[in-house]
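Colleague: Have a look at this one before I ask anything.
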Amino acid sequence: METITSSKGISRRELLKRCMVVGAGLAVGTGFVAGSTAAWAMETKHVAPREMATLIQMARDIYPHNHVADEYYAAAVKGFDSADSKDKIAAGVSALDAAAQGRGYADYLSVPWELERVEILRSMEQSSFFQTMRGNLITGLYNNKDVWPLFGYEGESYTKGGYINRGFDDITWI
Amino acid sequence: MSAKFDLNNDGVVVVIGSGAGGGVLSNELAQKGVKVVCLEAGGRHLPQDYQNDEWGSFGQISWLDARTTSGDWRVAKDFSGLPSWIVKAVGGSTVHWAGASLRFQEHEFKTQTVYGDVQGANLLDWPIGLSELEPYYDKAEKKLGVTRTNGIPGLPGNNNFKVFEAGAKKLGYKNVHTGRMAINSEPRDGRTSCQQVGFCFQGCKFGAKWSAAYTDIPQGEATGNLEVRTNAQALKIEHDKSGKVTGVLYADKDGNQQLQKARVVAVAGNSIESPRLLLNSATSMFPDGLANSSGQVGRNYMRHVTASVYATFDKPVRFWRGTTMAGIVTDEARHDPSRGFVGGYELETLALGLPFMAAFLNPGAWGREFTSALDSYENMAGMWIVGEDMPQETNRITLNHDVKDQFGLPAPNVHFDDHPNDIAMRNHAWKQGSDLYDAVGATRVFPTPPYPSTHNLGTNRMSAKARDGVVNKWGQTHDIPNLFVSDGSQFTTGAAENPTLTIVTLAIRQADYIAKEMAARTI
Ligand SMILES: Cc1cc2nc3c(=O)[nH]c(=O)nc-3n(C[C@H](O)[C@H](O)[C@H](O)COP(=O)(O)OP(=O)(O)OC[C@H]3O[C@@H](n4cnc5c(N)ncnc54)[C@H](O)[C@@H]3O)c2cc1C
Ligand code: SF4
């Protein structure tokens with residue numbers, strides 16, 4: 001479980017035994033976050049797994065794409081799992097949780113509607129925590145080559161000889 | 001074979017920067033037998049090194065030295081440390097450029113006369129006109145192999161162009177085509193034709209697009225009269241008691257300072273670094289910086305009225321395929337004050353990859369309003385707006401003494417406020433661009449704000465009178481006869497057209513002048 005893995009070696013049942021579902025599609029265990037279907041898991045070394053799960057949810061709330069699975073959001077925030085950002089993340093997540101509690105929820109991950117989570121995020125949009133997250137996601141999410149096909153983007157084309165014979169002008173509907 | 005000159009050789013012309021201006025000037029001088037040392041702050045990257053990867057390429061060759069911003073332009077908020085997007089490498093920004101190569105229109109050399117008094121604008125007529133430049137435009141178009149000139153056919157239109165063209169025609173525009181591009185539509189000059197790779201901004205891996213990096217620079221080196229010193233960043237231009245420049249202090253690849261003596265110095269570091277170098281070269285004799293008796297060094301910074309329009313459709317376009325910018329509508333380039341502004345603008349096709357689209361579509365935006373646009377990325381078409389902006393004295397490059405670069409020199413601050421004319425033009429262009437896409441069934445349009453400046457102009461402007469500007473009609477500084485400016489910072493005004501063809505044209509013409517004056521021993 002070094003990085004994001006498709007947790008093939010481990011069955012869904014085994015994985016779920018070892019963790020707790022914390023929000024829509026996310027589960028945490030000791031030292032890791034996972035998709036609640038056990039499709040992927042990610043180890044955390046510095047940031048608490050529940051905090052990492054919160055970051056993943058926050059990432060999706062900032063840049064929601066219904067056709068992009070959680071594991072890509074997890075990959076996008078994985079960089080925050082460092083000794084340097086640990087305290088900042090803890091403080092940021094507790095601010096999110098406090099805002100959720102102000103609305104009568106246990107924590108940010110328990111807020112059921114995206115709309116309401118977004119309201120919480122809007123209220124702290126100017127904070128450096130939010131801005132750092134948002135800024136990093138722009139490359140963390142959209143500069144991930146595994147994400148590109150989900151948007152149809154084809155990436156490098158030089159090794160394939162460009163598009164001269166591969167549809168640079170293949171539009172038919174115009 | 002590339003030449004090698006001694007640091008104490010005071011017979012050489014030192015050119016600072018190897019981009020559109022400096023690269024071409026170096027080669028043109030070398031072809032005439034003039035000995036040239038070209039100092040280039042960046043390294044040498046050739047097509048095999050270029051990356052089909054937007055952020056990878058950005059990290060590889062962009063100018064990332066410390067810079068600051070101020071003013072009401074949105075770039076200062078969204079990209080406060082990155083006022084411009086330019087290249088630090090042999091070939092300069094011609095590695096990144098898209099290749100759109102247009103001549104200026106006659107009236108654009110005479111804006112003070114034609115536009116009249118525009119409040120807050122520091123308009124001035126160029127000391128030269130179109131007819132004087134025409135023979136040199138001819139040479140520049142030949143050098144660059146510009147399509148639709150010299151019998152060179154236009155490029156084929158890609159998907160993005162086809163949407164653009166259909167919309168333009170529906171809207172009643174008459175002049176729409178795949179552009180005048182410095183990109184080979186057929187093999188020419190030992191370089192192959194465009195393979196429609198779609199990463200023109202990241203350096204053309206096929207070499208189909210003209211770039212000084214693999215044309216003028218090696219051609220100049222082959223004469224044996226040109227030495228290009230890479231990773232050599234000019235820090236200060238030195239002068240003697242008579243006020244003539246004598247050499248250039250630079251940091252070499254190991255960070256050691258070296259002094260290259262010179263008979264003539266030509267500054268071509270692009271419009272932020274060029275004035276900065278003159279300002280950083282201040283001495284007790286020239287306390288306001290070199291060549292700055294007018295006080296105009298660093299002022300009148302222009303960046304074109306830019307913006308983009310992206311649109312989504314109900315079917316795929318796949319606009320990233322093929323040439324990035326081969327498509328233009330020129331109908332709005334005329335001067336027609338009835339539209340509510342002076343000057344004109346061009347509409348040009350543009351595509352960004354997903355990583356840059358996410359960063360630039362609406363910087364800072366988030367949430368579904370934003371992400372639903374990217375969900376339709378495959379169905380997007382796009383265009384860029386490039387129009388004439390007003391020179392303003394207060395839009396300027398100054399030295400920021402609170403922020404130092406890696407050599408301990410004050411970083412440049414780039415201050416820019418939009419002029420009301422700029423805003424009126426941008427709004428007009430956004431509307432036209434949106435209507436163009438609506439005319440062919442766009443489901444949503446996105447009037448996108450300017451990116452960090454790719455066109456940087458005007459900060460050492462050309463003027464007939466010494467009190468109005470920094471250089472004369474040859475790019476020679478009014479104050480110091482053996483000091484020249486050879487890049488886009490010479491521009492008196494910006495015109496509606498992309499600037500590089502004109503930068504190259506001026507460099508070819510300037511080489512004639514420098515060689516002639518050196519032969520006559522006036523410099
Ligand atoms: C993405 C992109 C697309 C573009 N598309 C077009 C287009 O389609 N059409 C068009 O006309 N223009 C286009 N441009 C603009 C074009 O690239 C520039 O106008 C042109 O290259 C500027 O020429 P220049 O000589 O002023 O500067 P540059 O070409 O930027 O060259 C300046 C050189 O000087 C070097 N330098 C700077 N300071 C120092 C120093 N102190 N010591 C030593 N070296 C130094 C730099 O490293 C650089 O290599 C584009 C630019 C970009 C970034
Ligand atoms: S599209 Fe053509 S010009 Fe642009 S990078 Fe590819 S081959 Fe070069």
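Just so we're on the same page: first chain in the structure tokens is A, next is B, and so on; residues restart at 1 for each chain, and ligands are numbered from 1 in the order they show up.
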Could you list, as a ChimeraX atom specification, every residue of chain B that has an atom within 7 Å of an atom of chain A, counting only C-alpha atoms?
Modeller: /B:52-53,157-159,163,195-197,317,321-322,354-355,358-359,366-368,371,375,377-378
Colleague: Please return as a PyMOL selection string the residues found within 10 Å of ligand 2, counting only C-alpha atoms and all ligand atoms.
Modeller: (chain A and resi 157-158+161-164+168) or (chain B and resi 47+50+52+96-99+155+158+181-185+192-210+320-326)
Colleague: Mind listing the residues within 6 Å of ligand 1, only C-alpha atoms and all ligand atoms counted, as an mmCIF file with C-alpha atoms, in the first residue's frame?
Modeller:
data_model
loop_
_atom_site.group_PDB
_atom_site.id
_atom_site.type_symbol
_atom_site.label_atom_id
_atom_site.label_comp_id
_atom_site.auth_asym_id
_atom_site.auth_seq_id
_atom_site.Cartn_x
_atom_site.Cartn_y
_atom_site.Cartn_z
ATOM 1 C CA ILE B 16 22.133 40.123 -25.121
ATOM 2 C CA GLY B 17 19.451 37.485 -25.714
ATOM 3 C CA SER B 18 19.065 35.011 -28.573
ATOM 4 C CA GLY B 19 15.314 35.218 -29.261
ATOM 5 C CA ALA B 20 13.361 36.740 -32.134
ATOM 6 C CA GLY B 21 15.309 39.994 -31.921
ATOM 7 C CA GLY B 22 18.732 38.923 -30.626
ATOM 8 C CA LEU B 39 25.004 36.129 -24.352
ATOM 9 C CA GLU B 40 22.026 33.906 -23.620
ATOM 10 C CA ALA B 41 20.784 33.466 -20.047
ATOM 11 C CA GLY B 42 19.271 30.060 -20.788
ATOM 12 C CA TRP B 85 5.163 33.699 -20.070
ATOM 13 C CA ILE B 86 8.435 33.766 -21.975
ATOM 14 C CA VAL B 87 11.371 31.505 -22.574
ATOM 15 C CA LYS B 88 14.853 31.357 -21.075
ATOM 16 C CA ALA B 89 16.745 29.304 -23.638
ATOM 17 C CA VAL B 90 18.590 29.666 -26.910
ATOM 18 C CA GLY B 91 15.980 30.938 -29.373
ATOM 19 C CA GLY B 92 14.097 32.759 -26.635
ATOM 20 C CA SER B 93 10.323 32.826 -26.889
ATOM 21 C CA THR B 94 10.471 31.657 -30.505
ATOM 22 C CA HIS B 96 7.202 28.668 -27.463
ATOM 23 C CA TRP B 97 5.624 30.913 -30.039
ATOM 24 C CA ALA B 98 2.737 29.758 -32.204
ATOM 25 C CA GLY B 99 4.047 31.240 -35.435
ATOM 26 C CA ALA B 100 1.326 33.774 -36.335
ATOM 27 C CA SER B 101 3.173 36.254 -38.545
ATOM 28 C CA PHE B 201 3.591 26.207 -27.586
ATOM 29 C CA ALA B 232 25.358 33.563 -19.535
ATOM 30 C CA GLN B 233 23.085 36.123 -17.901
ATOM 31 C CA ALA B 234 23.936 39.789 -18.429
ATOM 32 C CA LEU B 235 23.906 41.748 -15.163
ATOM 33 C CA ALA B 268 17.345 41.933 -26.750
ATOM 34 C CA GLY B 269 16.216 40.331 -23.511
ATOM 35 C CA ASN B 270 12.472 40.842 -24.138
ATOM 36 C CA GLU B 273 14.539 42.204 -18.928
ATOM 37 C CA THR B 454 3.264 36.383 -24.075
ATOM 38 C CA HIS B 455 3.573 39.668 -25.982
ATOM 39 C CA ASP B 487 13.658 43.395 -29.371
ATOM 40 C CA GLY B 488 9.967 44.211 -28.968
ATOM 41 C CA ASN B 498 1.208 39.493 -33.166
ATOM 42 C CA PRO B 499 4.595 41.194 -32.844
ATOM 43 C CA THR B 500 7.296 38.736 -33.836
ATOM 44 C CA LEU B 501 7.366 39.242 -37.598
#
Colleague: Quick one: residues within 12 Å of region 102-107 of chain A, only C-alpha atoms, excluding same-chain residues fewer than 4 positions away - as JSON, numbers by chain?
Modeller: {"A": [22, 23, 50, 51, 53, 54, 57, 93, 94, 95, 96, 97, 98, 111, 112, 113, 116, 117, 119, 120]}
Colleague: So what do you get for CA of Gln296 (chain B) versus CA of Lys516 (chain B), distance-wise?
Modeller: 27.7 Å
Colleague: If you run DSSP over the backbone, which residues in region 245-390 of chain B end up strand (DSSP E or B)? Put them as a PyMOL selection string.
Modeller: chain B and resi 245-251+257-261+264-267+302+305-312+328-329+345-349+380-387
Colleague: Would you work out the distance separating CA of Met380 (chain B) from CA of Leu436 (chain B), expressed in Å to one decimal?
Modeller: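 Separation of CA of Met380 (chain B) and CA of Leu436 (chain B): 13.7 Å.
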Colleague: Got a sec: who's within 10 Å of Asn421 (chain B), counting only C-alpha atoms, leaving out chain neighbours fewer than 2 positions off, as a PDB file with N, CA, C and O atoms, in the first residue's frame?
Modeller:
ATOM      1  N   VAL B 118      -6.137  60.521 -27.125  1.00  0.00           N
ATOM      2  CA  VAL B 118      -6.866  59.541 -26.317  1.00  0.00           C
ATOM      3  C   VAL B 118      -6.420  59.786 -24.880  1.00  0.00           C
ATOM      4  O   VAL B 118      -5.246  59.627 -24.560  1.00  0.00           O
ATOM      5  N   GLN B 119      -7.366  60.193 -24.054  1.00  0.00           N
ATOM      6  CA  GLN B 119      -7.001  60.585 -22.696  1.00  0.00           C
ATOM      7  C   GLN B 119      -6.282  59.468 -21.945  1.00  0.00           C
ATOM      8  O   GLN B 119      -6.724  58.321 -21.962  1.00  0.00           O
ATOM      9  N   GLY B 120      -5.172  59.830 -21.312  1.00  0.00           N
ATOM     10  CA  GLY B 120      -4.438  58.852 -20.511  1.00  0.00           C
ATOM     11  C   GLY B 120      -3.505  57.973 -21.323  1.00  0.00           C
ATOM     12  O   GLY B 120      -2.731  57.208 -20.767  1.00  0.00           O
ATOM     13  N   ALA B 121      -3.582  58.089 -22.653  1.00  0.00           N
ATOM     14  CA  ALA B 121      -2.705  57.260 -23.485  1.00  0.00           C
ATOM     15  C   ALA B 121      -1.504  58.087 -23.926  1.00  0.00           C
ATOM     16  O   ALA B 121      -1.635  59.260 -24.236  1.00  0.00           O
ATOM     17  N   VAL B 305      -4.226  43.874 -25.940  1.00  0.00           N
ATOM     18  CA  VAL B 305      -5.520  43.592 -25.320  1.00  0.00           C
ATOM     19  C   VAL B 305      -5.767  42.120 -25.608  1.00  0.00           C
ATOM     20  O   VAL B 305      -6.138  41.758 -26.717  1.00  0.00           O
ATOM     21  N   GLY B 340     -16.566  52.074 -30.613  1.00  0.00           N
ATOM     22  CA  GLY B 340     -16.406  52.520 -29.223  1.00  0.00           C
ATOM     23  C   GLY B 340     -14.979  52.469 -28.713  1.00  0.00           C
ATOM     24  O   GLY B 340     -14.728  52.623 -27.516  1.00  0.00           O
ATOM     25  N   PHE B 341     -14.038  52.255 -29.604  1.00  0.00           N
ATOM     26  CA  PHE B 341     -12.630  52.256 -29.186  1.00  0.00           C
ATOM     27  C   PHE B 341     -11.770  52.524 -30.415  1.00  0.00           C
ATOM     28  O   PHE B 341     -12.225  52.328 -31.549  1.00  0.00           O
ATOM     29  N   VAL B 342     -10.543  52.957 -30.171  1.00  0.00           N
ATOM     30  CA  VAL B 342      -9.610  53.145 -31.285  1.00  0.00           C
ATOM     31  C   VAL B 342      -8.793  51.869 -31.473  1.00  0.00           C
ATOM     32  O   VAL B 342      -8.652  51.061 -30.559  1.00  0.00           O
ATOM     33  N   GLY B 343      -8.264  51.703 -32.678  1.00  0.00           N
ATOM     34  CA  GLY B 343      -7.457  50.517 -32.971  1.00  0.00           C
ATOM     35  C   GLY B 343      -8.330  49.308 -33.241  1.00  0.00           C
ATOM     36  O   GLY B 343      -9.563  49.392 -33.238  1.00  0.00           O
ATOM     37  N   GLU B 388      -4.788  45.954 -30.169  1.00  0.00           N
ATOM     38  CA  GLU B 388      -3.866  47.030 -29.790  1.00  0.00           C
ATOM     39  C   GLU B 388      -4.235  47.592 -28.419  1.00  0.00           C
ATOM     40  O   GLU B 388      -5.373  47.993 -28.206  1.00  0.00           O
ATOM     41  N   ASP B 389      -3.293  47.638 -27.504  1.00  0.00           N
ATOM     42  CA  ASP B 389      -3.555  48.303 -26.233  1.00  0.00           C
ATOM     43  C   ASP B 389      -2.894  49.673 -26.230  1.00  0.00           C
ATOM     44  O   ASP B 389      -2.020  49.959 -27.044  1.00  0.00           O
ATOM     45  N   MET B 390      -3.360  50.522 -25.331  1.00  0.00           N
ATOM     46  CA  MET B 390      -2.857  51.889 -25.289  1.00  0.00           C
ATOM     47  C   MET B 390      -1.569  51.958 -24.471  1.00  0.00           C
ATOM     48  O   MET B 390      -1.521  51.446 -23.350  1.00  0.00           O
ATOM     49  N   ASP B 418      -5.369  48.399 -16.969  1.00  0.00           N
ATOM     50  CA  ASP B 418      -6.057  48.487 -18.261  1.00  0.00           C
ATOM     51  C   ASP B 418      -6.481  49.930 -18.518  1.00  0.00           C
ATOM     52  O   ASP B 418      -6.957  50.624 -17.610  1.00  0.00           O
ATOM     53  N   HIS B 419      -6.346  50.364 -19.749  1.00  0.00           N
ATOM     54  CA  HIS B 419      -6.877  51.659 -20.183  1.00  0.00           C
ATOM     55  C   HIS B 419      -8.355  51.436 -20.553  1.00  0.00           C
ATOM     56  O   HIS B 419      -8.712  50.341 -21.002  1.00  0.00           O
ATOM     57  N   ILE B 423     -10.385  48.076 -22.230  1.00  0.00           N
ATOM     58  CA  ILE B 423     -11.550  47.363 -21.687  1.00  0.00           C
ATOM     59  C   ILE B 423     -12.680  47.337 -22.711  1.00  0.00           C
ATOM     60  O   ILE B 423     -13.313  46.296 -22.941  1.00  0.00           O
ATOM     61  N   ALA B 424     -12.891  48.485 -23.371  1.00  0.00           N
ATOM     62  CA  ALA B 424     -13.956  48.553 -24.382  1.00  0.00           C
ATOM     63  C   ALA B 424     -13.670  47.578 -25.523  1.00  0.00           C
ATOM     64  O   ALA B 424     -14.562  46.875 -26.017  1.00  0.00           O
ATOM     65  N   MET B 425     -12.406  47.516 -25.927  1.00  0.00           N
ATOM     66  CA  MET B 425     -12.044  46.607 -27.021  1.00  0.00           C
ATOM     67  C   MET B 425     -12.229  45.152 -26.601  1.00  0.00           C
ATOM     68  O   MET B 425     -12.773  44.330 -27.346  1.00  0.00           O
ATOM     69  N   ARG B 426     -11.780  44.835 -25.384  1.00  0.00           N
ATOM     70  CA  ARG B 426     -11.893  43.443 -24.927  1.00  0.00           C
ATOM     71  C   ARG B 426     -13.360  43.024 -24.855  1.00  0.00           C
ATOM     72  O   ARG B 426     -13.728  41.932 -25.281  1.00  0.00           O
ATOM     73  N   ASN B 427     -14.204  43.918 -24.334  1.00  0.00           N
ATOM     74  CA  ASN B 427     -15.625  43.571 -24.228  1.00  0.00           C
ATOM     75  C   ASN B 427     -16.242  43.354 -25.603  1.00  0.00           C
ATOM     76  O   ASN B 427     -17.042  42.435 -25.801  1.00  0.00           O
TER      77      ASN B 427
END
Colleague: Write out as a ChimeraX atom specification which residues come within 9 Å of region 459-473 of chain B when counting only C-alpha atoms, dropping same-chain ones fewer than 6 positions away.
Modeller: /B:124-128,271-272,274-275,291-302,396-397,479,484-485,488-493
Colleague: Go ahead and write the selection's residues with N, CA, C and O atoms as a compact mmCIF listing (two decimals), in the first residue's frame.
Modeller:
# COMPACT_ATOMS: atom_id res chain seq x y z
N LEU B 124 2.17 57.88 -29.68
CA LEU B 124 3.22 58.57 -30.42
C LEU B 124 3.31 57.89 -31.78
O LEU B 124 3.13 56.67 -31.88
N ASP B 125 3.60 58.67 -32.82
CA ASP B 125 3.84 58.06 -34.14
C ASP B 125 5.22 57.41 -34.15
O ASP B 125 6.17 57.92 -33.55
N TRP B 126 5.33 56.29 -34.84
CA TRP B 126 6.64 55.69 -35.03
C TRP B 126 7.47 56.63 -35.92
O TRP B 126 6.89 57.30 -36.79
N PRO B 127 8.78 56.63 -35.76
CA PRO B 127 9.58 57.45 -36.67
C PRO B 127 9.78 56.79 -38.03
O PRO B 127 10.55 57.29 -38.86
N ILE B 128 9.13 55.66 -38.26
CA ILE B 128 9.18 54.99 -39.56
C ILE B 128 7.77 54.60 -39.96
O ILE B 128 6.87 54.52 -39.11
N SER B 271 10.86 42.49 -23.31
CA SER B 271 10.53 43.84 -22.83
C SER B 271 10.48 44.01 -21.32
O SER B 271 10.20 45.11 -20.85
N ILE B 272 10.72 42.96 -20.57
CA ILE B 272 10.86 43.15 -19.12
C ILE B 272 12.34 43.20 -18.76
O ILE B 272 12.79 44.12 -18.08
N SER B 274 14.97 43.75 -20.77
CA SER B 274 15.76 44.79 -21.45
C SER B 274 15.78 46.10 -20.68
O SER B 274 16.85 46.62 -20.37
N PRO B 275 14.61 46.66 -20.33
CA PRO B 275 14.66 47.89 -19.54
C PRO B 275 15.27 47.65 -18.16
O PRO B 275 15.97 48.51 -17.62
N ALA B 291 20.76 55.22 -21.07
CA ALA B 291 19.89 55.64 -22.18
C ALA B 291 18.54 56.16 -21.71
O ALA B 291 17.54 56.06 -22.42
N ASN B 292 18.54 56.71 -20.49
CA ASN B 292 17.25 57.08 -19.90
C ASN B 292 17.09 58.58 -19.70
O ASN B 292 16.40 59.02 -18.79
N SER B 293 17.71 59.40 -20.53
CA SER B 293 17.55 60.85 -20.35
C SER B 293 16.10 61.27 -20.53
O SER B 293 15.64 62.25 -19.96
N SER B 294 15.34 60.50 -21.29
CA SER B 294 13.91 60.82 -21.50
C SER B 294 13.06 60.39 -20.31
O SER B 294 11.90 60.79 -20.21
N GLY B 295 13.59 59.53 -19.46
CA GLY B 295 12.78 58.97 -18.38
C GLY B 295 11.81 57.92 -18.89
O GLY B 295 10.93 57.45 -18.15
N GLN B 296 11.94 57.50 -20.16
CA GLN B 296 10.97 56.56 -20.74
C GLN B 296 11.40 55.09 -20.62
O GLN B 296 10.62 54.20 -20.97
N VAL B 297 12.62 54.82 -20.15
CA VAL B 297 13.04 53.41 -20.02
C VAL B 297 12.11 52.70 -19.04
O VAL B 297 11.92 53.16 -17.91
N GLY B 298 11.53 51.63 -19.47
CA GLY B 298 10.64 50.85 -18.63
C GLY B 298 9.19 51.28 -18.73
O GLY B 298 8.29 50.55 -18.30
N ARG B 299 8.91 52.47 -19.30
CA ARG B 299 7.52 52.95 -19.37
C ARG B 299 6.81 52.44 -20.62
O ARG B 299 7.42 51.85 -21.49
N ASN B 300 5.51 52.73 -20.68
CA ASN B 300 4.70 52.38 -21.87
C ASN B 300 4.68 50.88 -22.12
O ASN B 300 4.61 50.43 -23.26
N TYR B 301 4.75 50.12 -21.03
CA TYR B 301 4.70 48.66 -21.17
C TYR B 301 3.36 48.26 -21.79
O TYR B 301 2.30 48.62 -21.30
N MET B 302 3.44 47.51 -22.87
CA MET B 302 2.22 47.04 -23.54
C MET B 302 2.24 45.51 -23.62
O MET B 302 3.31 44.90 -23.63
N ARG B 396 4.54 50.18 -16.31
CA ARG B 396 6.00 50.23 -16.45
C ARG B 396 6.71 49.16 -15.66
O ARG B 396 6.17 48.57 -14.73
N ILE B 397 7.96 48.95 -16.08
CA ILE B 397 8.86 48.05 -15.39
C ILE B 397 9.72 48.91 -14.47
O ILE B 397 10.36 49.87 -14.93
N ASP B 479 20.78 58.34 -26.50
CA ASP B 479 21.84 58.88 -25.64
C ASP B 479 23.22 58.31 -25.93
O ASP B 479 24.22 58.99 -25.76
N PHE B 484 22.36 49.64 -28.54
CA PHE B 484 21.15 49.42 -29.34
C PHE B 484 20.13 48.60 -28.55
O PHE B 484 20.48 47.86 -27.63
N VAL B 485 18.88 48.72 -28.96
CA VAL B 485 17.83 47.85 -28.43
C VAL B 485 17.27 47.09 -29.63
O VAL B 485 16.99 47.70 -30.67
N GLY B 488 11.28 43.58 -28.94
CA GLY B 488 9.97 44.21 -28.97
C GLY B 488 9.84 45.42 -28.06
O GLY B 488 8.85 46.15 -28.14
N SER B 489 10.82 45.65 -27.21
CA SER B 489 10.73 46.83 -26.35
C SER B 489 10.89 48.12 -27.15
O SER B 489 10.57 49.19 -26.67
N GLN B 490 11.37 48.01 -28.41
CA GLN B 490 11.48 49.20 -29.27
C GLN B 490 10.13 49.73 -29.73
O GLN B 490 10.04 50.85 -30.20
N PHE B 491 9.10 48.89 -29.70
CA PHE B 491 7.83 49.26 -30.34
C PHE B 491 7.27 50.56 -29.76
O PHE B 491 7.06 50.68 -28.55
N THR B 492 6.96 51.50 -30.62
CA THR B 492 6.37 52.77 -30.18
C THR B 492 4.93 52.54 -29.75
O THR B 492 4.47 53.09 -28.74
N THR B 493 4.23 51.74 -30.53
CA THR B 493 2.87 51.31 -30.16
C THR B 493 2.76 49.84 -30.58
O THR B 493 3.61 49.33 -31.31
Colleague: Report, in Å with one decimal, the straight-line distance from CA of Val47 (chain A) to CA of Gly35 (chain A).
Modeller: 17.3 Å
Colleague: At a cut-off of 9 Å, using only C-alpha atoms, what residues contact region 245-258 of chain B? Leave out same-chain residues fewer than 4 positions from it and give the result as a PyMOL selection string.
Modeller: chain B and resi 7+10+14+16+39+41+229-240+262-265+407+480-483
Colleague: If you run DSSP on the backbone here, which positions in chain A get alpha helix (DSSP H)? Please write them as JSON, numbers by chain.
Modeller: {"A": [12, 13, 14, 15, 16, 17, 49, 50, 51, 52, 53, 54, 55, 56, 57, 58, 59, 60, 61, 62, 70, 71, 72, 73, 74, 75, 76, 77, 86, 87, 88, 89, 90, 91, 92, 93, 94, 95, 96, 97, 98, 99, 100, 101, 102, 114, 115, 116, 117, 118, 119, 120, 121, 122, 123, 128, 129, 130, 131, 132, 133, 134, 135, 136, 137, 138, 139, 140, 141, 142]}
